[in-house]
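Novice: The structure is given below, and queries will be raised subsequently.
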Amino acid sequence: MAKQRIPEELFTPKHWPAWILVGFLWLITRLPYRVQIHLGALLGHMLYHLARDRRRVTEVNLRLCFPGLDEEALQKLVKKTIVSNGIGLIETAMAWWVDPKKLDHLIHIEGLEHWRSAIGKQRGVILIGAHFTTLDLAGSLLSLFIDVDPMYRKSGNPVFEWVITSNRGKRFKHLIERSDIRRVLKTLKEGRTLWYAPDQNYAAKHSVFAPFFGIEASTITATTRFAQLNQSPLLIFSHVRREDGSGYTLKISPPIENFPTGDERTDATLINHLLAEEIRQQPDQYMWVHRRFKTRPEGEPPLYQKKKKHLRPEEQSWFQKLLKKLKR
């Protein structure tokens, strides 16, 4: 992909805060790897105390998906998850500005032979993954081994969108916006490798409800449709940060057999199950900060509503007491 020029409209004052954040992240990527990881952990600890809404969403998700955890273990996992997301932000910046060849000593890759066998069938290959905190960095590292076309969701911030696409374009020949089905078909017809993650919440359109960690979750049916386009083999791609600090494990599964099955809910259930099994290996590195169960089956109550706290009179501020009197 050719080098992109920064559009002039992105230099207006309203975009300066975004550029300051981008510049801060770029500076961090100039530091040694271990320093970056420690700064990411520090950022995660700050987010744990400051990003209360995301912490609450994380707690709801983990309470639903790991009902066997006692309260102490649950809260430890919540904190570890938020910290991992802080590290993931720094790793995302690394994916943008650090040449993956400089990180090749950190890569532990498994199952590359499964991809080689699948790509040899010349029907294209579909890599299915999940939103681990290492997502962007894993893609950058994977590009050293596989010529892959990733799908992505366009950012709502034009500065971040420019930074993301211009830097990802250094690693990948094609970036496919998730609505560009024509490019998906072309990728598979050309015998290339498509990579995308179908595990986040989607509205009812083009989705079915299928269990994810035992909870009915709105699950996109695109995986079935993509597999049907060119009868392409489907493989699971997972990636985690090693606990001992020795780098990252990238793992590619053998092709999923007998897929698609002919039933979209059955297909979605299988994909959700396989992704959940990978997530269970390192649950704190999954993006539980996302409202995975936001869309609910008809008649089911929402899961992320904030509970209203009823304060006793002695706990109310003078302003709250005044409002109460005015309403009488």
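Going by the structure tokens order, chains are called A, B, ..., each with residues numbered from 1, while ligands are numbered from 1 in the order shown.
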List every residue of range 194-262 of chain A that has an atom at most 12 Å from any atom of range 167-178 of chain A, giving for each one its closest atom pair and the distance in Å to one decimal, counting only C-alpha atoms, sorted by chain and then by ascending residue number, as JSON lines.

Specialist:
```
{"residue": "A:Leu194", "atom": "CA", "partner": "A:Ile176", "partner_atom": "CA", "distance": 9.0}
{"residue": "A:Trp195", "atom": "CA", "partner": "A:Ile176", "partner_atom": "CA", "distance": 9.5}
{"residue": "A:Tyr196", "atom": "CA", "partner": "A:Arg178", "partner_atom": "CA", "distance": 8.7}
{"residue": "A:Ala197", "atom": "CA", "partner": "A:Arg178", "partner_atom": "CA", "distance": 10.3}
{"residue": "A:Pro198", "atom": "CA", "partner": "A:Arg178", "partner_atom": "CA", "distance": 10.4}
{"residue": "A:Ile220", "atom": "CA", "partner": "A:Arg178", "partner_atom": "CA", "distance": 11.7}
{"residue": "A:Ala222", "atom": "CA", "partner": "A:Arg178", "partner_atom": "CA", "distance": 10.0}
{"residue": "A:Phe226", "atom": "CA", "partner": "A:Arg178", "partner_atom": "CA", "distance": 12.0}
```

Novice: With N, CA and C atoms retained, write the just-selected residues as an mmCIF file, in the first residue's frame.

Specialist:
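Output (part_0.cif):
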```cif
data_model
loop_
_atom_site.group_PDB
_atom_site.id
_atom_site.type_symbol
_atom_site.label_atom_id
_atom_site.label_comp_id
_atom_site.auth_asym_id
_atom_site.auth_seq_id
_atom_site.Cartn_x
_atom_site.Cartn_y
_atom_site.Cartn_z
ATOM 1 N N LEU A 194 -7.736 -14.421 4.309
ATOM 2 C CA LEU A 194 -8.578 -13.426 4.960
ATOM 3 C C LEU A 194 -8.503 -13.646 6.473
ATOM 4 N N TRP A 195 -8.402 -12.551 7.227
ATOM 5 C CA TRP A 195 -8.358 -12.654 8.698
ATOM 6 C C TRP A 195 -9.365 -11.683 9.293
ATOM 7 N N TYR A 196 -10.236 -12.205 10.132
ATOM 8 C CA TYR A 196 -11.152 -11.305 10.823
ATOM 9 C C TYR A 196 -11.641 -11.946 12.116
ATOM 10 N N ALA A 197 -12.224 -11.105 12.984
ATOM 11 C CA ALA A 197 -12.692 -11.560 14.295
ATOM 12 C C ALA A 197 -14.198 -11.323 14.402
ATOM 13 N N PRO A 198 -14.999 -12.383 14.510
ATOM 14 C CA PRO A 198 -16.457 -12.247 14.523
ATOM 15 C C PRO A 198 -17.068 -12.285 15.922
ATOM 16 N N ILE A 220 -22.532 -12.710 14.512
ATOM 17 C CA ILE A 220 -22.618 -12.443 13.085
ATOM 18 C C ILE A 220 -22.532 -13.741 12.279
ATOM 19 N N ALA A 222 -21.560 -13.877 9.142
ATOM 20 C CA ALA A 222 -20.653 -13.689 8.002
ATOM 21 C C ALA A 222 -19.689 -14.849 7.838
ATOM 22 N N PHE A 226 -18.873 -16.317 4.262
ATOM 23 C CA PHE A 226 -17.522 -16.255 3.704
ATOM 24 C C PHE A 226 -17.027 -17.649 3.317
#
```

Novice: Give me the residues within 10 Å of Glu113 in chain A as an NGL selection string, counting only C-alpha atoms and dropping any in the same chain fewer than 4 places off.

Specialist: :A and (117-119 or 252-254)

Novice: Write out the residues from the selection above, keeping C-alpha atoms, as a short mmCIF file (atom, residue, chain, number, x, y, z; two decimals), in the first residue's frame.

Specialist:
```
data_model
loop_
_atom_site.label_atom_id
_atom_site.label_comp_id
_atom_site.auth_asym_id
_atom_site.auth_seq_id
_atom_site.Cartn_x
_atom_site.Cartn_y
_atom_site.Cartn_z
CA SER A 117 -1.58 -27.10 3.77
CA ALA A 118 -4.79 -25.06 3.55
CA ILE A 119 -3.38 -22.35 1.27
CA ILE A 252 -3.05 -21.59 14.00
CA SER A 253 -5.44 -24.52 14.30
CA PRO A 254 -6.04 -27.31 11.79
#
```

Novice: When you draw a straight line from CA of Arg280 in chain A to CA of Leu250 in chain A, how long is it in Å?

Specialist: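 Distance between the two atoms: 15.4 Å.
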
Novice: Among range 61-270 of chain A, which ones does DSSP assign to strand (DSSP E or B) (computed from the backbone)? Answer as a ChimeraX atom specification.

Specialist: /A:107-110,125-128,132,148-152,176-177,193-196,207-212,215-220,234-241,248-252

Novice: Would you output that residue set with N, CA and C atoms, as a short mmCIF file (atom, residue, chain, number, x, y, z; two decimals), in the first residue's frame?

Specialist:
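Saved to selection-v4.cif:
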```
data_model
loop_
_atom_site.label_atom_id
_atom_site.label_comp_id
_atom_site.auth_asym_id
_atom_site.auth_seq_id
_atom_site.Cartn_x
_atom_site.Cartn_y
_atom_site.Cartn_z
N ILE A 107 8.66 -14.03 19.03
CA ILE A 107 7.58 -14.79 18.40
C ILE A 107 7.74 -16.28 18.63
N HIS A 108 6.67 -16.91 19.10
CA HIS A 108 6.57 -18.37 19.21
C HIS A 108 5.35 -18.76 18.38
N ILE A 109 5.56 -19.29 17.20
CA ILE A 109 4.44 -19.59 16.31
C ILE A 109 4.22 -21.09 16.22
N GLU A 110 2.96 -21.50 16.29
CA GLU A 110 2.57 -22.90 16.23
C GLU A 110 1.51 -23.09 15.14
N VAL A 125 -7.92 -18.90 2.21
CA VAL A 125 -7.98 -19.38 3.59
C VAL A 125 -8.64 -18.31 4.45
N ILE A 126 -9.48 -18.73 5.38
CA ILE A 126 -10.11 -17.81 6.32
C ILE A 126 -9.54 -18.07 7.70
N LEU A 127 -8.89 -17.07 8.28
CA LEU A 127 -8.42 -17.15 9.65
C LEU A 127 -9.44 -16.44 10.54
N ILE A 128 -9.96 -17.17 11.51
CA ILE A 128 -10.93 -16.61 12.44
C ILE A 128 -10.25 -16.39 13.78
N PHE A 132 -8.47 -10.38 21.30
CA PHE A 132 -7.51 -10.36 22.39
C PHE A 132 -6.83 -8.98 22.43
N VAL A 148 -1.41 -11.79 4.56
CA VAL A 148 -2.80 -11.86 4.99
C VAL A 148 -3.53 -10.54 4.74
N ASP A 149 -4.82 -10.62 4.43
CA ASP A 149 -5.67 -9.45 4.25
C ASP A 149 -6.62 -9.35 5.44
N PRO A 150 -6.38 -8.43 6.38
CA PRO A 150 -7.25 -8.34 7.55
C PRO A 150 -8.47 -7.47 7.31
N MET A 151 -9.59 -7.84 7.94
CA MET A 151 -10.78 -7.00 7.95
C MET A 151 -10.71 -6.11 9.18
N TYR A 152 -11.27 -4.91 9.06
CA TYR A 152 -11.24 -4.00 10.19
C TYR A 152 -12.49 -3.14 10.21
N ILE A 176 -9.29 -4.55 4.51
CA ILE A 176 -10.67 -4.70 4.05
C ILE A 176 -11.62 -4.14 5.10
N GLU A 177 -12.30 -3.05 4.77
CA GLU A 177 -13.33 -2.52 5.67
C GLU A 177 -14.44 -3.56 5.73
N THR A 193 -5.30 -15.03 1.94
CA THR A 193 -5.76 -15.34 3.29
C THR A 193 -6.51 -14.16 3.88
N LEU A 194 -7.74 -14.42 4.31
CA LEU A 194 -8.58 -13.43 4.96
C LEU A 194 -8.50 -13.65 6.47
N TRP A 195 -8.40 -12.55 7.23
CA TRP A 195 -8.36 -12.65 8.70
C TRP A 195 -9.37 -11.68 9.29
N TYR A 196 -10.24 -12.21 10.13
CA TYR A 196 -11.15 -11.30 10.82
C TYR A 196 -11.64 -11.95 12.12
N SER A 207 -27.29 -11.54 11.96
CA SER A 207 -26.79 -12.23 13.15
C SER A 207 -27.80 -13.25 13.63
N VAL A 208 -27.31 -14.18 14.42
CA VAL A 208 -28.18 -15.13 15.11
C VAL A 208 -27.74 -15.17 16.57
N PHE A 209 -28.63 -15.63 17.42
CA PHE A 209 -28.24 -15.81 18.82
C PHE A 209 -27.68 -17.21 18.99
N ALA A 210 -26.47 -17.25 19.54
CA ALA A 210 -25.79 -18.53 19.77
C ALA A 210 -25.03 -18.43 21.08
N PRO A 211 -24.87 -19.53 21.81
CA PRO A 211 -24.20 -19.47 23.11
C PRO A 211 -22.72 -19.12 22.99
N PHE A 212 -22.30 -18.21 23.86
CA PHE A 212 -20.89 -17.83 24.00
C PHE A 212 -20.61 -17.87 25.50
N ILE A 215 -23.86 -18.11 27.38
CA ILE A 215 -24.79 -16.99 27.35
C ILE A 215 -25.19 -16.73 25.90
N GLU A 216 -26.49 -16.60 25.65
CA GLU A 216 -26.95 -16.32 24.29
C GLU A 216 -26.39 -14.97 23.83
N ALA A 217 -25.63 -14.97 22.75
CA ALA A 217 -24.96 -13.77 22.27
C ALA A 217 -25.28 -13.55 20.79
N SER A 218 -25.55 -12.30 20.44
CA SER A 218 -25.77 -11.97 19.04
C SER A 218 -24.47 -12.19 18.27
N THR A 219 -24.51 -13.11 17.32
CA THR A 219 -23.29 -13.56 16.63
C THR A 219 -23.46 -13.40 15.13
N ILE A 220 -22.53 -12.71 14.51
CA ILE A 220 -22.62 -12.44 13.09
C ILE A 220 -22.53 -13.74 12.28
N LEU A 234 -11.37 -23.05 6.85
CA LEU A 234 -11.51 -22.13 7.97
C LEU A 234 -10.60 -22.60 9.11
N LEU A 235 -9.72 -21.70 9.60
CA LEU A 235 -8.78 -22.03 10.66
C LEU A 235 -8.90 -21.00 11.78
N ILE A 236 -8.67 -21.43 13.02
CA ILE A 236 -8.69 -20.51 14.15
C ILE A 236 -7.29 -19.97 14.39
N PHE A 237 -7.19 -18.65 14.53
CA PHE A 237 -5.92 -18.00 14.82
C PHE A 237 -6.03 -17.34 16.20
N SER A 238 -5.19 -17.75 17.14
CA SER A 238 -5.18 -17.15 18.47
C SER A 238 -3.80 -16.60 18.77
N HIS A 239 -3.74 -15.69 19.72
CA HIS A 239 -2.47 -15.01 20.02
C HIS A 239 -2.53 -14.46 21.44
N VAL A 240 -1.51 -14.74 22.22
CA VAL A 240 -1.46 -14.27 23.61
C VAL A 240 -0.05 -13.81 23.96
N ARG A 241 0.01 -12.95 24.95
CA ARG A 241 1.27 -12.51 25.54
C ARG A 241 1.69 -13.54 26.58
N TYR A 248 5.36 -13.67 22.56
CA TYR A 248 3.98 -13.90 22.15
C TYR A 248 3.85 -15.27 21.47
N THR A 249 2.78 -15.96 21.80
CA THR A 249 2.48 -17.22 21.14
C THR A 249 1.39 -16.99 20.11
N LEU A 250 1.70 -17.26 18.85
CA LEU A 250 0.73 -17.22 17.76
C LEU A 250 0.40 -18.66 17.40
N LYS A 251 -0.88 -18.98 17.35
CA LYS A 251 -1.25 -20.38 17.12
C LYS A 251 -2.33 -20.47 16.05
N ILE A 252 -2.10 -21.35 15.08
CA ILE A 252 -3.05 -21.59 14.00
C ILE A 252 -3.54 -23.03 14.11
#
```

Novice: Go ahead and compute the interatomic distance for CA of Gln4 in chain A and CA of Phe160 in chain A, in Å to one decimal.

Specialist: 13.5 Å

Novice: Contacts of Ala276 in chain A at 9 Å or less, counting only C-alpha atoms, minus same-chain residues fewer than 3 places along, as a ChimeraX atom specification?

Specialist: /A:130,212-213,271-273,279-281

Novice: Go ahead and save the picked residues with C-alpha atoms, as a PDB file, in the first residue's frame.

Specialist:
```pdb
ATOM      1  CA  ALA A 130     -10.984 -13.142  18.725  1.00  0.00           C
ATOM      2  CA  PHE A 212     -20.892 -17.826  24.005  1.00  0.00           C
ATOM      3  CA  PHE A 213     -19.618 -19.098  27.364  1.00  0.00           C
ATOM      4  CA  ILE A 271     -17.265 -20.835  16.183  1.00  0.00           C
ATOM      5  CA  ASN A 272     -18.201 -19.331  19.560  1.00  0.00           C
ATOM      6  CA  HIS A 273     -17.224 -22.571  21.287  1.00  0.00           C
ATOM      7  CA  ILE A 279      -9.993 -17.396  25.496  1.00  0.00           C
ATOM      8  CA  ARG A 280     -10.071 -19.760  28.493  1.00  0.00           C
ATOM      9  CA  GLN A 281      -6.320 -20.313  28.039  1.00  0.00           C
TER      10      GLN A 281
END
```

Novice: Which of these, A:Gly44, A:Thr134, A:Ala18, A:His114, has the shortest distance to Gly247 in chain A once you count only C-alpha atoms?

Specialist: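 Of all the options, A:Thr134 lies closest to Gly247 in chain A.
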
Novice: Would you mind reading off the distance between CA of Gln36 in chain A and CA of Gln75 in chain A, one decimal, in Å?

Specialist: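 Spanning CA of Gln36 in chain A to CA of Gln75 in chain A is a straight-line distance of 25.4 Å.
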
Novice: Would you mind telling me which residue in A:Thr224, A:Pro67, A:Ile82, A:Thr269 lies nearest to Leu50 in chain A when using only C-alpha atoms?

Specialist: A:Ile82

Novice: Can you list, as a list of chain:residue names, every protein, DNA or RNA residue that comes within 10 Å of Tyr48 in chain A when you count only C-alpha atoms, leaving out same-chain residues fewer than 3 positions away?

Specialist: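 Near neighbours after the sequence-gap exclusion: A:Leu42, A:Leu43, A:Gly44, A:His45, A:Ala51, A:Arg52, A:Asp53, A:Arg54, A:Arg55, A:Arg56, A:Val78, A:Lys79, A:Lys80, A:Thr81, A:Ile82, A:Val83, A:Asn85, A:Gly86.
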
Novice: Rank A:Gln200, A:Gln282, A:Asn258, A:Thr221 by their smallest atom-to-atom distance to Pro233 in chain A, using only C-alpha atoms, and report the top residue only.

Specialist: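 Going through A:Gln200, A:Gln282, A:Asn258, A:Thr221 one by one, the smallest distance to Pro233 in chain A is for A:Asn258.
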